[in-house]
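entry21.csv, holding CSV, C-alpha atoms:
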```csv
chain,number,residue,atom,x,y,z
Q,1,MET,CA,-2.0,156.1,102.2
Q,2,GLY,CA,-4.3,157.2,105.0
Q,3,ASP,CA,-6.4,154.1,104.6
Q,4,LEU,CA,-3.6,151.6,105.2
Q,5,LEU,CA,-5.4,149.3,107.7
Q,6,GLN,CA,-8.8,148.6,106.1
Q,7,PRO,CA,-10.7,145.5,107.1
Q,8,TRP,CA,-9.6,143.7,103.8
Q,9,HIS,CA,-6.0,144.4,104.5
Q,10,LEU,CA,-6.3,142.9,108.0
Q,11,ILE,CA,-8.0,139.8,106.6
Q,12,VAL,CA,-5.3,139.3,104.0
Q,13,LEU,CA,-2.6,139.7,106.7
Q,14,ALA,CA,-4.3,137.1,108.9
Q,15,VAL,CA,-4.6,134.6,106.1
Q,16,VAL,CA,-0.9,135.1,105.1
Q,17,ALA,CA,0.1,134.7,108.8
Q,18,PHE,CA,-2.0,131.5,109.1
Q,19,LEU,CA,-0.5,130.0,105.9
Q,20,LEU,CA,3.1,130.9,107.0
Q,21,PHE,CA,3.0,129.8,110.6
Q,22,GLY,CA,0.2,127.3,110.8
Q,23,ALA,CA,-2.6,126.8,113.4
Q,24,LYS,CA,-0.3,125.4,116.1
Q,25,ARG,CA,2.3,128.1,116.0
Q,26,LEU,CA,0.1,131.2,116.0
Q,27,PRO,CA,-1.1,131.0,119.6
Q,28,GLU,CA,2.6,130.6,120.7
Q,29,LEU,CA,3.6,133.6,118.7
Q,30,GLY,CA,0.7,135.7,120.1
Q,31,LYS,CA,1.6,134.7,123.7
Q,32,GLY,CA,5.3,135.5,123.1
Q,33,LEU,CA,4.4,138.9,121.6
Q,34,GLY,CA,2.1,139.7,124.5
Q,35,GLU,CA,4.7,138.8,127.1
Q,36,GLY,CA,7.3,140.8,125.3
Q,37,LEU,CA,5.1,143.9,125.2
Q,38,LYS,CA,4.3,143.5,128.9
Q,39,GLY,CA,7.9,143.3,129.8
Q,40,PHE,CA,8.7,146.3,127.6
Q,41,LYS,CA,5.9,148.4,129.3
Q,42,GLU,CA,7.3,147.4,132.8
Q,43,GLY,CA,10.8,148.4,131.7
Q,44,ILE,CA,9.6,151.7,130.4
Q,45,ARG,CA,7.6,152.3,133.6
Q,46,GLY,CA,10.7,151.6,135.7
Q,47,VAL,CA,12.7,154.1,133.7
Q,48,THR,CA,10.1,156.9,133.7
Q,49,GLU,CA,8.9,156.6,137.3
Q,50,PRO,CA,11.6,157.1,139.9
Q,51,SER,CA,11.5,154.4,142.5
Q,52,ALA,CA,11.0,155.3,146.2
Q,53,PRO,CA,14.2,155.5,148.1
Q,54,ALA,CA,14.9,152.5,150.3
Q,55,PRO,CA,14.3,153.2,154.0
Q,56,THR,CA,17.5,153.6,155.8
Q,57,THR,CA,17.9,151.8,159.1
Q,58,GLN,CA,20.4,153.2,161.5
Q,59,GLN,CA,22.4,150.5,163.2
Q,60,SER,CA,23.6,151.3,166.6
Q,61,ALA,CA,26.9,149.9,167.9
Q,62,PRO,CA,26.3,146.7,169.7
Q,63,ALA,CA,25.9,147.2,173.4
Q,64,ALA,CA,28.8,146.0,175.4
Q,65,PRO,CA,27.9,143.4,177.9
Q,66,PRO,CA,27.8,144.7,181.4
Q,67,SER,CA,31.0,144.2,183.2
Q,68,SER,CA,30.6,142.0,186.1
Q,69,THR,CA,33.1,141.6,188.9
Q,70,PRO,CA,33.4,138.2,190.2
Q,71,VAL,CA,31.8,137.8,193.6
Q,72,GLU,CA,33.9,135.8,196.0
Q,73,PRO,CA,32.1,133.5,198.3
Q,74,LYS,CA,32.7,134.2,202.0
```

Written as structure tokens, that's how I'd like the structure from this file.
Amino acid sequence: MGDLLQPWHLIVLAVVAFLLFGAKRLPELGKGLGEGLKGFKEGIRGVTEPSAPAPTTQQSAPAAPPSSTPVEPK
């Protein structure tokens, strides 16, 4: 049981996959599997690594416009 993945086993698996899926479908399956693994790794990384807290910006109250007194012409 320790020698489960010998070279002959991998060759037989490759031939069976080729016969089942065909030459056109195998690259698509490989690409989909790679993208799925990449997304899985990114998801795991997001769970295990805490994200940095978002910087908080303090909003001051809007400044009141200066009160102006109407100037009367003389």

Q) Distance atom CA of Ala14 of chain Q-atom CA of Leu33 of chain Q, one decimal place? A) 15.5 Å

Q) What does the distance from atom CA of Lys31 of chain Q to atom CA of Leu4 of chain Q come to in Å, to one decimal? A)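 Separating atom CA of Lys31 of chain Q from atom CA of Leu4 of chain Q is a distance of 25.6 Å.
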
Q. What is the distance, in Å and to one decimal place, between atom CA of Val15 of chain Q and atom CA of Pro27 of chain Q?
A.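 Atom-to-atom, atom CA of Val15 of chain Q to atom CA of Pro27 of chain Q, that is 14.4 Å.
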